[in-house]
Protein chains: 4
Amino acid sequence: MHETRIRVRFDEVDTMDVVHHPRYLVYFEVARTEYFRDLGMAYRDVMAGGTHLAIIEAGARYMRSAKYDDELVVETRCTVVGGASVTLRYAVRRGEETLATGFTRLGAVDLAGRAKRLPEDVRAKFAAVLESDPHGAGGSRVQTGA
Amino acid sequence: MHETRIRVRFDEVDTMDVVHHPRYLVYFEVARTEYFRDLGMAYRDVMAGGTHLAIIEAGARYMRSAKYDDELVVETRCTVVGGASVTLRYAVRRGEETLATGFTRLGAVDLAGRAKRLPEDVRAKFAAVLESDPHGAGGSRVQTGA
Amino acid sequence: MHETRIRVRFDEVDTMDVVHHPRYLVYFEVARTEYFRDLGMAYRDVMAGGTHLAIIEAGARYMRSAKYDDELVVETRCTVVGGASVTLRYAVRRGEETLATGFTRLGAVDLAGRAKRLPEDVRAKFAAVLESDPHGAGGSRVQTGA
Amino acid sequence: MHETRIRVRFDEVDTMDVVHHPRYLVYFEVARTEYFRDLGMAYRDVMAGGTHLAIIEAGARYMRSAKYDDELVVETRCTVVGGASVTLRYAVRRGEETLATGFTRLGAVDLAGRAKRLPEDVRAKFAAVLESDPHGAGGSRVQTGA
């Protein structure tokens with residue numbers, strides 16, 4: 001599991017001083033960038049190598065609200081890796097409280113947007129994460145298909 | 001079913017000229033505002049009346065990408081209404097193509113963020129929509145609970 | 001002078017229900033896209049032709065605040081056109097009130113970001129606008145240099 | 001002079017992998033929040049005390065572009081403080097390069113948006129900064145009026 005710290009910006013809250021819900025998908029993306037970096041593959045290098053990981057599906061559940069200037073922690077973990085896609089799960093916490101959870105399923109595409117296989121080094125990194133923590137993600141698995 | 005037209009703005013696309021995925025939740029919100037207006041209850045009046053509809057859960061599936069300056073249509077329909085929440089479903093189209101689908105489950109809260117019942121006029125509007133189109137939404141229903 | 005209508009979105013206002021100030025630069029950009037279209041050169045076609053108009057300088061003065069769901073009009077006019085840049089001025093109105101004014105100076109760059117001359121058709125369109133309305137913009141002028 | 005570090009997020013760049021120009025005003029705001037905190041007055045506490053600092057005027061000059069995942073430093077300094085407003089100046093750097101500069105003039109308003117005097121402690125903090133560094137900001141000054 002990987003952790004990223006995020007401070008809520010003023011432009012991210014709504015009229016009730018609550019972080020606007022689409023912003024959590026941006027927080028997931030910020031966390032994902034740091035998670036990739038920690039795995040030894042900066043996402044911008046993955047792109048420079050000709051692969052973009054497009055979002056196929058995303059979702060979030062909102063339990064408690066975050067406010068301007070709050071310090072949040074986004075926990076990220078890989079739960080499924082296939083030949084052409086990977087699923088990451090996220091939890092946004094403020095201290096002991098879980099504010100929201102969510103997931104994104106990412107599919108490899110080339111720079112023209114056509115579906116392709118995950119680059120082998122990317123797939124291998126996530127497969128290694130899953131194998132080292134088979135129980136940690138509540139059903140994590142390496143798939144043989146896409 | 002309600003339709004809202006949206007023109008993709010330059011700040012909404014990413015490095016691949018693809019609308020950034022969190023932006024679809026904003027498009028759903030823009031469509032929701034227009035849907036409420038067409039139902040005869042401007043959302044800002046609902047808020048002025050002391051109720052905010054907070055997002056409890058949201059999700060989207062992305063099938064095709066939208067580009068800068070594309071003209072999109074967001075279709076919105078109510079699929080479930082309860083005593084304290086309502087679920088809306090969305091489809092984003094460009095001409096005949098469906099680019100993405102999604103949903104939001106909204107829960108009534110007071111202006112301090114505490115859960116409350118839906119205002120009776122709001123609940124009644126959505127119940128009337130569902131009753132007039134019982135089959136249209138593939139399982140739409142009026143719930144007696146929350 | 002060109003007019004674009006914009007409805008304020010919920011994600012664009014802050015905790016005081018005031019449109020967040022950077023958003024006006026986005027409104028200027030939306031208005032600019034429509035202004036280009038009305039001049040007969042869709043901005044995406046300009047880009048497809050190998051030219052991007054990068055922002056060199058931008059500024060805004062904020063007099064009154066706009067709120068969620070307000071209907072705004074952004075007035076756009078060209079005030080200076082040179083060989084490599086063009087200056088546009090904007091006023092954001094709600095009915096008779098002027099909420100904000102601003103400007104952007106745009107410089108032509110190629111798709112690698114290197115400065116270049118304005119494409120001749122783009123320069124000519126703006127020069128024609130200025131010549132047809134020499135007094136309208138309070139000092140509009142066609143420059144012979146950049 | 002105060003420094004804030006910012007990592008460019010994926011949603012902040014455009015089709016050319018260039019940080020979208022309105023985003024710099026958001027970076028200035030993030031830097032401003034940290035500057036206030038370092039001066040011993042968290043901006044959310046200023047708001048909780050009944051004062052909002054509204055943007056009266058803002059501007060930026062863009063010299064070089066920032067890209068996804070760049071690490072930037074925003075330098076912030078106070079250059080003018082009056083009875084009801086304060087002007088801050090910013091420079092955005094990446095290593096030795098200056099990418100952009102800008103300013104914001106902030107006016108005190110109450111929570112209903114009406115102009116008011118700066119709270120005395122806020123005015124005093126900025127006045128102390130200016131007095132301790134009279135030459136540093138190239139014309140910084142404490143004004144006796146607004």
# chains A, B, ... in the order shown; residues from 1 in each chain; ligands from 1
$ closest_atom_pairs --of "chain C" --to "chain D" --cutoff "7 Å" --atoms "only C-alpha atoms" --output "CSV"
residue,atom,partner,partner_atom,distance
C:His21,CA,D:Ile55,CA,6.9
C:Pro22,CA,D:Pro22,CA,5.4
C:Leu25,CA,D:Pro22,CA,5.7
C:Val26,CA,D:Pro22,CA,6.7
C:Ile55,CA,D:Tyr62,CA,6.8
C:Ile56,CA,D:Tyr62,CA,5.0
C:Glu57,CA,D:Arg61,CA,4.4
C:Ala58,CA,D:Ala60,CA,5.5
C:Gly59,CA,D:Gly59,CA,3.9
C:Ala60,CA,D:Ala58,CA,5.5
C:Arg61,CA,D:Glu57,CA,4.4
C:Tyr62,CA,D:Ile56,CA,5.0
C:Met63,CA,D:Ile56,CA,6.9
$ select_by_dssp --residues "region 23-118 of chain D" --states "alpha helix (DSSP H)" --output "list in words"
Arg23, Tyr24, Leu25, Val26, Tyr27, Phe28, Glu29, Val30, Ala31, Arg32, Thr33, Glu34, Tyr35, Phe36, Arg37, Asp38, Tyr43, Arg44, Asp45, Val46, Met47 and Ala48 of chain D
$ residues_around --residues "region 1-7 of chain C" --least-positions-apart "5" --cutoff "6 Å" --atoms "only C-alpha atoms" --output "number ranges by chain"
C: 31, 69-77
$ select_by_dssp --residues "chain D" --states "strand (DSSP E or B)" --output "number ranges by chain"
D: 2-7, 13, 19, 52-62, 71-81, 85-94, 97-109, 115, 141-142
$ atom_distance --atom1 "CA of Leu118 (chain A)" --atom2 "CA of Ala84 (chain A)"
4.7 Å
